[in-house]
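A.B. asks: Can you read through this structure? Questions will come right after.
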2 protein chains.
Amino acid sequence: MAEFEVNPYEVQGKVDYRELAKRFGIRELDGGLRERIFKAAGDSHFLIRRGVYFAHRELDWLLDKYENGEKFYVYTGIAPSGSMTVAHLLPFTLAKWLQDRFDADVYIQIPDEEKFLVKKNKTLEEIHDLAIDDARNIAALGFNPRKTRFFFDIGNADFMYKQAVRVAKHITFSTIKDAFGFSSETNIGAIFYTSMQAVGTFIKSVEEGKNIPCLIPMGVDQDVHFRIARDVVDKLGYYKPATIESVFMPGLKGQQKMSASDPDNTIYLNDDEETVVRKANRAITGQQATAELQRKHGGDPDRCAICQYYRFFFEPDDRKLENIFEAERRGTVLAGEHKKHFADTVNRFLKGHRKKKDAITDIERFFLET
Amino acid sequence: MAEFEVNPYEVQGKVDYRELAKRFGIRELDGGLRERIFKAAGDSHFLIRRGVYFAHRELDWLLDKYENGEKFYVYTGIAPSGSMTVAHLLPFTLAKWLQDRFDADVYIQIPDEEKFLVKKNKTLEEIHDLAIDDARNIAALGFNPRKTRFFFDIGNADFMYKQAVRVAKHITFSTIKDAFGFSSETNIGAIFYTSMQAVGTFIKSVEEGKNIPCLIPMGVDQDVHFRIARDVVDKLGYYKPATIESVFMPGLKGQQKMSASDPDNTIYLNDDEETVVRKANRAITGQQATAELQRKHGGDPDRCAICQYYRFFFEPDDRKLENIFEAERRGTVLAGEHKKHFADTVNRFLKGHRKKKDAITDIERFFLET
């Protein structure tokens with residue numbers, strides 16, 4: 001039995017995703033369902049093709065609804081705690097594709113209190129500023145302002161608190177204690193918080209006054225919020241949300257999840273060019289100890305953080321990704337060149353991203369008005 | 001050791017108020033402090049004179065501040081759950097006097113979610129309507145609209161949730177579990193709620209951007225909210241609020257606290273004349289079993305619910321109250337006359353009250369704008 005722990009506030013041990021799916025009661029995204037998504041979309045998406053999004057809840061139900069003419073909306077989010085990383089972009093990348101391919105409205109929650117409640121070192125004012133910055137980073141991915149709504153727990157509390165209270169009435173402390181790794185010493189704001197995160201799963205149904213199916217792209221560590229929310233929103237008379245859940249993007253130094261505690265283990269959206277070069281140089285590769293051995297035996301792309309960064313984010317084209325993997329495998333690319341190419345790719349992306357972000361001077365037009 | 005339990009959600013056993021003060025760490029309101037209040041007010045108040053308000057926290061500190069030119073504001077409130085009773089009017093009666101005599105602003109919290117979270121049978125919409133009705137009943141006592149602000153947890157959540165989050169971070173589940181009689185099966189909205197109730201203790205300091213002393217008139221059953229809040233607001237850099245705390249108004253049938261479970265045990269502000277007559281007739285008195293015995297031995301005002309209703313609310317004039325008590329003691333008034341006089345008094349009050357309430361057609365001007 002694999003020993004690991006995954007919840008929104010802690011990932012411990014080496015995660016066995018198949019085992020995790022069983023534990024959470026989520027279903028693995030198999031080839032048949034993938035094909036069904038791609039057929040309905042008229043397109044495919046690399047994060048689904050490659051199994052980065054590996055599991056789901058009731059995605060088949062959602063597609064049934066869609067095929068019967070009931071459009072869904074997409075709900076996802078990010079809790080501001082510092083500069084965003086490329087790993088943070090995964091659910092938004094998929095949400096953008098869902099918006100484009102399914103004409104889906106996208107609701108993005110930016111809880112501007114969560115990290116205040118569960119961490120020690122940020123004021124609400126600092127988190128507010130980070131929240132606005134996160135919104136601009138996300139909007140820069142090209143979301144349609146007419147079909148995208150950011151909402152904030154404190155910033156939209158006039159709407160959110162009432163809805164969260166409706167949810168909270170149905171959740172006991174004992175339900176969330178183990179699920180979130182809480183104890184009697186957890187503060188009562190953190191205890192209440194999951195009620196706020198549940199609101200996104202029915203926010204559009206409240207707005208429209210009728211049930212609208214909801215799809216949530218997210219990292220699998222967030223699953224417990226919605227495992228609990230699904231039970232509650234059912235009692236409130238709303239559709240249970242469907243989910244599509246991803247594995248963790250590994251760290252540049254090989255840890256299984258990017259960690260904010262070692263900045264060199266991740267790429268931040270505000271990293272400058274030199275920082276990216278340094279991080280690329282310090283990243284682990286799957287290569288042999290010497291150039292000679294690498295040329296002779298080749299390396300292992302699965303153990304190479306750089307190859308994995310291409311796979312998760314920086315190379316959406318499967319053929320080009322295969323070329324990168326193949327060169328690593330055959331030993332035709334050495335570490336220096338591999339890292340330089342990676343640093344160039346990342347810096348090109350970040351430069352383009354920041355240009356798009358700078359062009360967003362009126363982020364408020366993306367905000368939910370309540 | 002007296003066996004009783006007092007918290008906002010439960011009063012059990014026969015309360016020994018002296019013992020309760022010790023248990024809660026509140027101080028009894030002695031003659032010296034009473035005189036100091038009356039001197040500062042240039043007036044006295046029957047609820048303080050008669051010991052209905054029997055205890056306090058740091059009222060002496062508050063008077064020091066006042067005498068040094070720092071004005072205080074008054075914070076109190078009511079959680080809507082049905083029609084208001086005369087017992088509910090006690091803290092507002094005192095608050096009105098404090099407003100008049102100390103030129104104090106009065107902030108009145110009407111939590112429009114609490115009873116939804118802790119009881120089963122009311123929707124948020126029903127509670128909202130009750131909240132507005134409560135506000136009109138309270139305003140009818142003659143509060144100055146320029147110096148009085150009603151605020152609502154859901155209705156002012158844009159302001160309230162952020163402030164409550166600041167509080168909640170400093171309160172753990174273990175702190176409130178025993179204090180409120182909660183368990184692991186308590187819902188997480190009820191668990192969070194005390195954070196909302198704490199906000200009133202520093203609301204004016206937030207508004208003014210500087211520390212303003214706060215005085216809270218309340219029933220002693222609410223003490224635990226502020227016992228906890230005082231620790232937290234101190235950490236947030238605000239003055240700890242002072243309190244002035246009352247015993248429970250007894251029931252007409254002699255129970256120690258008016259209870260909503262038996263409507264005949266209480267006077268509701270919307271009782272019609274016949275209902276009041278019926279309740280008066282069913283009320284317990286301290287009289288003897290027969291008219292003859294009563295004429296001979298007299299009765300006991302302390303055991304007479306009607307006498308107590310005069311004492312707590314309907315007869316502010318001490319001399320007139322003493323006449324009523326004396327007639328009961330001497331047996332010069334018999335039950336029928338005693339009850340009729342009481343019913344007439346209550347009906348006169350209710351008629352006048354409803355007239356004042358009906359005259360309040362723009363309750364919104366009393367509401368806090370956030």
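Chain labels run A, B, ... following the order of the structure tokens; each chain numbers its residues from 1, and ligands are numbered from 1 in the order shown.
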Counting only C-alpha atoms, what are the residues of chain A within 6 Å of chain B, and for each of them which pair of atoms is the nearest and at what distance in Å, to one decimal? Sort the table by chain and rising number, as JSON lines.
C.D. replies:
```
{"residue": "A:Leu117", "atom": "CA", "partner": "B:Lys169", "partner_atom": "CA", "distance": 5.6}
{"residue": "A:Ile154", "atom": "CA", "partner": "B:Lys162", "partner_atom": "CA", "distance": 5.7}
{"residue": "A:Ala157", "atom": "CA", "partner": "B:Asp158", "partner_atom": "CA", "distance": 4.8}
{"residue": "A:Asp158", "atom": "CA", "partner": "B:Asp158", "partner_atom": "CA", "distance": 4.6}
{"residue": "A:Lys162", "atom": "CA", "partner": "B:Ile154", "partner_atom": "CA", "distance": 5.7}
{"residue": "A:Val165", "atom": "CA", "partner": "B:Gly189", "partner_atom": "CA", "distance": 6.0}
{"residue": "A:Ala168", "atom": "CA", "partner": "B:Gly189", "partner_atom": "CA", "distance": 4.8}
{"residue": "A:Lys169", "atom": "CA", "partner": "B:Asn187", "partner_atom": "CA", "distance": 5.4}
{"residue": "A:Ile171", "atom": "CA", "partner": "B:Asn187", "partner_atom": "CA", "distance": 5.3}
{"residue": "A:Thr172", "atom": "CA", "partner": "B:Asn187", "partner_atom": "CA", "distance": 4.1}
{"residue": "A:Phe173", "atom": "CA", "partner": "B:Ser184", "partner_atom": "CA", "distance": 5.0}
{"residue": "A:Ser174", "atom": "CA", "partner": "B:Ser184", "partner_atom": "CA", "distance": 4.9}
{"residue": "A:Ser184", "atom": "CA", "partner": "B:Ser174", "partner_atom": "CA", "distance": 4.9}
{"residue": "A:Glu185", "atom": "CA", "partner": "B:Thr172", "partner_atom": "CA", "distance": 5.0}
{"residue": "A:Thr186", "atom": "CA", "partner": "B:Thr172", "partner_atom": "CA", "distance": 5.3}
{"residue": "A:Asn187", "atom": "CA", "partner": "B:Thr172", "partner_atom": "CA", "distance": 4.1}
{"residue": "A:Ile188", "atom": "CA", "partner": "B:Phe192", "partner_atom": "CA", "distance": 5.3}
{"residue": "A:Gly189", "atom": "CA", "partner": "B:Ala168", "partner_atom": "CA", "distance": 4.8}
{"residue": "A:Phe192", "atom": "CA", "partner": "B:Ile188", "partner_atom": "CA", "distance": 5.3}
```
A.B. asks: Might you pull out every residue within 10 Å of Asp105 (chain A), with only C-alpha atoms counted and same-chain residues fewer than 4 positions away left off, and present them as a VMD selection string?
C.D. replies: chain A and resid 71 to 75 95 to 96 98 to 100 143 to 149 204 214
A.B. asks: Find the residues near Ser83 (chain B): any atom within 8 Å, counting only C-alpha atoms, skip ones fewer than 6 places away on the same chain, and give them as a list in words.
C.D. replies: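 Result of the neighbour search: Leu130, Asp134, Tyr268, Leu269 and Asn270 of chain B.
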A.B. asks: Find the spatial neighbours of Cys307 (chain B), counting only C-alpha atoms, within a cut-off of 12 Å - ignore same-chain residues fewer than 5 positions away - and output them as a PyMOL selection string.
C.D. replies: chain B and resi 249-252+254+280+283-287+299-302+312-315+320-329+333+335+338-339+341-342
A.B. asks: Please, what distance in Å, to one decimal, runs between CA of Gly219 (chain B) and CA of Val52 (chain B)?
C.D. replies: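 According to the coordinates, CA of Gly219 (chain B) and CA of Val52 (chain B) are separated by 9.6 Å.
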A.B. asks: What does the distance from CA of Asp103 (chain B) to CA of Pro316 (chain B) come to in Å, to one decimal?
C.D. replies: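 It comes out at 21.5 Å.
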A.B. asks: Quick one: residues within 12 Å of Leu350 (chain B), only C-alpha atoms counted, chain neighbours fewer than 6 positions away excluded, as a list of chain:residue names?
C.D. replies: B:Met84, B:Thr85, B:Val86, B:Asn137, B:Ala140, B:Leu141, B:Ile267, B:Tyr268, B:Leu269, B:Asn270, B:Asp271, B:Asp272, B:Glu273, B:Thr275, B:Val276, B:Phe314, B:Ala343, B:Asp344, B:Lys356, B:Lys357, B:Asp358
A.B. asks: Could those selected residues go to a file with C-alpha atoms, as an mmCIF file, in the first residue's frame?
C.D. replies:
```
data_model
loop_
_atom_site.group_PDB
_atom_site.id
_atom_site.type_symbol
_atom_site.label_atom_id
_atom_site.label_comp_id
_atom_site.auth_asym_id
_atom_site.auth_seq_id
_atom_site.Cartn_x
_atom_site.Cartn_y
_atom_site.Cartn_z
ATOM 1 C CA MET B 84 -39.753 40.053 18.855
ATOM 2 C CA THR B 85 -40.756 39.814 22.510
ATOM 3 C CA VAL B 86 -40.612 42.473 25.201
ATOM 4 C CA ASN B 137 -39.489 47.425 16.111
ATOM 5 C CA ALA B 140 -39.695 52.538 17.102
ATOM 6 C CA LEU B 141 -38.100 52.915 20.541
ATOM 7 C CA ILE B 267 -45.426 38.795 25.304
ATOM 8 C CA TYR B 268 -44.769 39.268 21.590
ATOM 9 C CA LEU B 269 -44.755 42.745 20.124
ATOM 10 C CA ASN B 270 -47.402 41.622 17.652
ATOM 11 C CA ASP B 271 -49.769 40.063 20.221
ATOM 12 C CA ASP B 272 -53.297 41.378 19.814
ATOM 13 C CA GLU B 273 -55.397 42.580 22.748
ATOM 14 C CA THR B 275 -54.008 37.368 23.274
ATOM 15 C CA VAL B 276 -52.530 39.648 25.896
ATOM 16 C CA PHE B 314 -43.590 47.961 32.132
ATOM 17 C CA ALA B 343 -53.188 43.309 30.478
ATOM 18 C CA ASP B 344 -54.290 46.933 30.169
ATOM 19 C CA LYS B 356 -44.552 54.375 16.458
ATOM 20 C CA LYS B 357 -43.501 51.376 14.369
ATOM 21 C CA ASP B 358 -46.090 52.153 11.708
#
```
A.B. asks: Can you tell me, as a PyMOL selection string, what residues are no more than 12 Å from region 61-63 of chain B when counting only C-alpha atoms, ignoring any on the same chain fewer than 5 positions away?
C.D. replies: chain B and resi 33-41+56+68-74+102+212-216+239-244
A.B. asks: Kindly export the residues of the current selection with N, CA and C atoms, as a CSV table (one decimal), in the first residue's frame.
C.D. replies:
```
chain,number,residue,atom,x,y,z
B,33,LEU,N,-20.2,51.7,41.2
B,33,LEU,CA,-20.1,51.8,39.8
B,33,LEU,C,-21.5,52.4,39.2
B,34,ARG,N,-22.6,51.9,39.8
B,34,ARG,CA,-23.9,52.4,39.4
B,34,ARG,C,-23.9,53.9,39.5
B,35,GLU,N,-23.5,54.4,40.7
B,35,GLU,CA,-23.5,55.8,41.0
B,35,GLU,C,-22.7,56.6,40.0
B,36,ARG,N,-21.5,56.0,39.6
B,36,ARG,CA,-20.6,56.6,38.7
B,36,ARG,C,-21.3,56.8,37.3
B,37,ILE,N,-22.0,55.7,36.9
B,37,ILE,CA,-22.7,55.8,35.6
B,37,ILE,C,-23.7,56.9,35.6
B,38,PHE,N,-24.5,56.9,36.7
B,38,PHE,CA,-25.6,57.8,36.8
B,38,PHE,C,-25.1,59.2,36.9
B,39,LYS,N,-24.0,59.4,37.5
B,39,LYS,CA,-23.4,60.8,37.6
B,39,LYS,C,-22.9,61.2,36.2
B,40,ALA,N,-22.3,60.3,35.5
B,40,ALA,CA,-21.8,60.7,34.2
B,40,ALA,C,-23.0,61.0,33.3
B,41,ALA,N,-24.1,60.2,33.5
B,41,ALA,CA,-25.2,60.3,32.6
B,41,ALA,C,-26.1,61.5,32.9
B,56,HIS,N,-20.7,43.3,34.4
B,56,HIS,CA,-20.0,44.1,33.4
B,56,HIS,C,-18.6,43.6,33.2
B,68,ASN,N,-12.3,61.3,30.3
B,68,ASN,CA,-11.1,61.9,29.7
B,68,ASN,C,-11.4,62.4,28.3
B,69,GLY,N,-12.7,62.4,27.9
B,69,GLY,CA,-13.1,63.0,26.6
B,69,GLY,C,-13.2,62.1,25.5
B,70,GLU,N,-13.0,60.8,25.7
B,70,GLU,CA,-13.1,59.8,24.6
B,70,GLU,C,-14.5,59.2,24.6
B,71,LYS,N,-15.3,59.6,23.7
B,71,LYS,CA,-16.7,59.1,23.6
B,71,LYS,C,-16.7,57.7,23.2
B,72,PHE,N,-17.7,56.9,23.7
B,72,PHE,CA,-17.8,55.5,23.3
B,72,PHE,C,-19.0,55.4,22.4
B,73,TYR,N,-19.0,54.3,21.7
B,73,TYR,CA,-20.3,53.9,20.9
B,73,TYR,C,-20.9,52.7,21.6
B,74,VAL,N,-22.1,52.5,21.3
B,74,VAL,CA,-22.9,51.3,21.8
B,74,VAL,C,-23.1,50.3,20.7
B,102,PHE,N,-25.4,59.9,26.8
B,102,PHE,CA,-23.9,60.0,26.5
B,102,PHE,C,-23.6,60.4,25.1
B,212,ILE,N,-12.1,53.5,18.9
B,212,ILE,CA,-13.2,54.2,19.6
B,212,ILE,C,-13.7,53.1,20.6
B,213,PRO,N,-13.8,53.6,21.9
B,213,PRO,CA,-14.3,52.6,22.9
B,213,PRO,C,-15.7,52.1,22.6
B,214,CYS,N,-16.0,50.9,23.0
B,214,CYS,CA,-17.3,50.3,22.6
B,214,CYS,C,-17.9,49.7,23.9
B,215,LEU,N,-19.2,49.9,24.1
B,215,LEU,CA,-20.0,49.4,25.2
B,215,LEU,C,-21.1,48.5,24.6
B,216,ILE,N,-21.2,47.3,25.2
B,216,ILE,CA,-22.2,46.3,24.7
B,216,ILE,C,-23.2,46.0,25.7
B,239,TYR,N,-9.3,48.5,20.9
B,239,TYR,CA,-9.7,48.4,22.3
B,239,TYR,C,-10.6,47.1,22.5
B,240,LYS,N,-10.4,46.5,23.7
B,240,LYS,CA,-11.4,45.5,24.1
B,240,LYS,C,-12.7,46.1,24.4
B,241,PRO,N,-13.8,45.6,24.0
B,241,PRO,CA,-15.1,46.2,24.3
B,241,PRO,C,-15.5,46.0,25.7
B,242,ALA,N,-16.1,47.0,26.3
B,242,ALA,CA,-16.7,46.9,27.6
B,242,ALA,C,-18.1,46.3,27.5
B,243,THR,N,-18.6,45.6,28.5
B,243,THR,CA,-20.0,45.1,28.4
B,243,THR,C,-20.8,45.5,29.6
B,244,ILE,N,-22.1,45.5,29.5
B,244,ILE,CA,-23.0,45.6,30.6
B,244,ILE,C,-24.1,44.5,30.4
```
A.B. asks: So the first atom is CA of Tyr17 (chain A) and the second is CA of Phe180 (chain A); what is the distance between them in Å, to one decimal place?
C.D. replies: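 CA of Phe180 (chain A) lies at a distance of 18.4 Å from CA of Tyr17 (chain A).
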A.B. asks: Identify, on the basis of only C-alpha atoms, every residue whose closest approach to region 77-81 of chain A does not exceed 6 Å; exclude the query and any residue fewer than 5 positions from it along the same chain; express the result as a list in words.
C.D. replies: Ile108, Gln109, Ile110, Pro111, Leu130 and Ala131 of chain A
A.B. asks: Could you find all residues in region 199-315 of chain A that DSSP calls alpha helix (DSSP H) from the backbone, and write them as an MDAnalysis selection string?
C.D. replies: chainID A and resid 199 203:208 223:235 273:282 291:297 305:309
A.B. asks: Could the residues in this selection be written to a file with N, CA and C atoms, as a tab-separated table (two decimals), in the first residue's frame?
C.D. replies:
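File produced: part_24.tsv:
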```tsv
chain	number	residue	atom	x	y	z
A	199	VAL	N	-19.23	27.54	-3.79
A	199	VAL	CA	-20.21	28.42	-4.46
A	199	VAL	C	-20.03	28.42	-5.98
A	203	ILE	N	-22.74	28.78	-9.09
A	203	ILE	CA	-22.87	30.24	-9.20
A	203	ILE	C	-23.71	30.64	-10.42
A	204	LYS	N	-23.50	29.93	-11.52
A	204	LYS	CA	-24.25	30.31	-12.73
A	204	LYS	C	-25.71	29.87	-12.63
A	205	SER	N	-25.96	28.80	-11.92
A	205	SER	CA	-27.34	28.37	-11.71
A	205	SER	C	-28.11	29.39	-10.87
A	206	VAL	N	-27.42	30.00	-9.88
A	206	VAL	CA	-28.06	31.06	-9.10
A	206	VAL	C	-28.33	32.26	-10.00
A	207	GLU	N	-27.32	32.64	-10.78
A	207	GLU	CA	-27.48	33.79	-11.67
A	207	GLU	C	-28.64	33.62	-12.64
A	208	GLU	N	-28.72	32.43	-13.23
A	208	GLU	CA	-29.70	32.21	-14.29
A	208	GLU	C	-31.07	31.78	-13.74
A	223	ASP	N	-9.54	18.05	-5.17
A	223	ASP	CA	-10.72	17.20	-5.33
A	223	ASP	C	-11.64	17.19	-4.11
A	224	VAL	N	-11.06	17.18	-2.92
A	224	VAL	CA	-11.88	17.02	-1.71
A	224	VAL	C	-12.90	18.15	-1.54
A	225	HIS	N	-12.52	19.38	-1.95
A	225	HIS	CA	-13.49	20.47	-1.89
A	225	HIS	C	-14.79	20.07	-2.61
A	226	PHE	N	-14.62	19.43	-3.76
A	226	PHE	CA	-15.79	19.19	-4.61
A	226	PHE	C	-16.44	17.85	-4.30
A	227	ARG	N	-15.66	16.94	-3.71
A	227	ARG	CA	-16.26	15.71	-3.20
A	227	ARG	C	-17.33	16.09	-2.16
A	228	ILE	N	-16.98	17.05	-1.31
A	228	ILE	CA	-17.92	17.51	-0.29
A	228	ILE	C	-19.00	18.38	-0.92
A	229	ALA	N	-18.60	19.28	-1.81
A	229	ALA	CA	-19.57	20.20	-2.42
A	229	ALA	C	-20.63	19.45	-3.22
A	230	ARG	N	-20.25	18.35	-3.88
A	230	ARG	CA	-21.21	17.61	-4.70
A	230	ARG	C	-22.38	17.11	-3.85
A	231	ASP	N	-22.08	16.62	-2.67
A	231	ASP	CA	-23.16	16.17	-1.78
A	231	ASP	C	-24.08	17.32	-1.39
A	232	VAL	N	-23.46	18.46	-1.09
A	232	VAL	CA	-24.25	19.59	-0.59
A	232	VAL	C	-25.10	20.21	-1.69
A	233	VAL	N	-24.51	20.47	-2.85
A	233	VAL	CA	-25.27	21.18	-3.89
A	233	VAL	C	-26.43	20.31	-4.38
A	234	ASP	N	-26.26	19.02	-4.29
A	234	ASP	CA	-27.37	18.11	-4.60
A	234	ASP	C	-28.54	18.38	-3.64
A	235	LYS	N	-28.22	18.54	-2.35
A	235	LYS	CA	-29.27	18.85	-1.38
A	235	LYS	C	-29.91	20.22	-1.65
A	273	GLU	N	14.99	37.04	-17.54
A	273	GLU	CA	15.70	36.12	-18.45
A	273	GLU	C	16.85	35.40	-17.76
A	274	GLU	N	17.63	36.15	-16.99
A	274	GLU	CA	18.78	35.53	-16.30
A	274	GLU	C	18.33	34.47	-15.30
A	275	THR	N	17.25	34.78	-14.61
A	275	THR	CA	16.72	33.81	-13.64
A	275	THR	C	16.32	32.52	-14.33
A	276	VAL	N	15.68	32.65	-15.49
A	276	VAL	CA	15.26	31.46	-16.24
A	276	VAL	C	16.49	30.65	-16.67
A	277	VAL	N	17.53	31.34	-17.14
A	277	VAL	CA	18.75	30.64	-17.56
A	277	VAL	C	19.34	29.89	-16.36
A	278	ARG	N	19.37	30.56	-15.22
A	278	ARG	CA	19.93	29.91	-14.02
A	278	ARG	C	19.11	28.67	-13.65
A	279	LYS	N	17.79	28.83	-13.67
A	279	LYS	CA	16.92	27.71	-13.31
A	279	LYS	C	17.08	26.55	-14.29
A	280	ALA	N	17.18	26.89	-15.59
A	280	ALA	CA	17.37	25.84	-16.60
A	280	ALA	C	18.68	25.10	-16.32
A	281	ASN	N	19.72	25.84	-15.99
A	281	ASN	CA	21.02	25.21	-15.75
A	281	ASN	C	21.01	24.31	-14.52
A	282	ARG	N	20.16	24.66	-13.56
A	282	ARG	CA	20.12	23.86	-12.33
A	282	ARG	C	19.08	22.74	-12.39
A	291	ALA	N	29.11	13.64	-21.07
A	291	ALA	CA	28.68	13.80	-22.47
A	291	ALA	C	28.94	12.51	-23.25
A	292	GLU	N	30.08	11.90	-22.98
A	292	GLU	CA	30.45	10.68	-23.70
A	292	GLU	C	29.43	9.56	-23.45
A	293	LEU	N	29.08	9.37	-22.16
A	293	LEU	CA	28.10	8.33	-21.81
A	293	LEU	C	26.73	8.67	-22.39
A	294	GLN	N	26.39	9.95	-22.39
A	294	GLN	CA	25.09	10.36	-22.92
A	294	GLN	C	25.04	10.05	-24.42
A	295	ARG	N	26.11	10.39	-25.13
A	295	ARG	CA	26.14	10.10	-26.58
A	295	ARG	C	26.00	8.61	-26.83
A	296	LYS	N	26.62	7.82	-25.95
A	296	LYS	CA	26.65	6.37	-26.15
A	296	LYS	C	25.31	5.70	-25.76
A	297	HIS	N	24.79	6.04	-24.53
A	297	HIS	CA	23.62	5.32	-24.01
A	297	HIS	C	22.31	6.09	-24.13
A	305	ALA	N	13.41	16.68	-15.99
A	305	ALA	CA	12.44	17.73	-15.66
A	305	ALA	C	12.18	18.62	-16.87
A	306	ILE	N	13.23	18.88	-17.64
A	306	ILE	CA	13.07	19.77	-18.80
A	306	ILE	C	12.12	19.13	-19.82
A	307	CYS	N	12.33	17.84	-20.13
A	307	CYS	CA	11.40	17.14	-21.03
A	307	CYS	C	9.98	17.21	-20.50
A	308	GLN	N	9.84	17.05	-19.18
A	308	GLN	CA	8.51	17.09	-18.59
A	308	GLN	C	7.88	18.49	-18.70
A	309	TYR	N	8.69	19.53	-18.60
A	309	TYR	CA	8.15	20.89	-18.77
A	309	TYR	C	7.63	21.12	-20.18
```
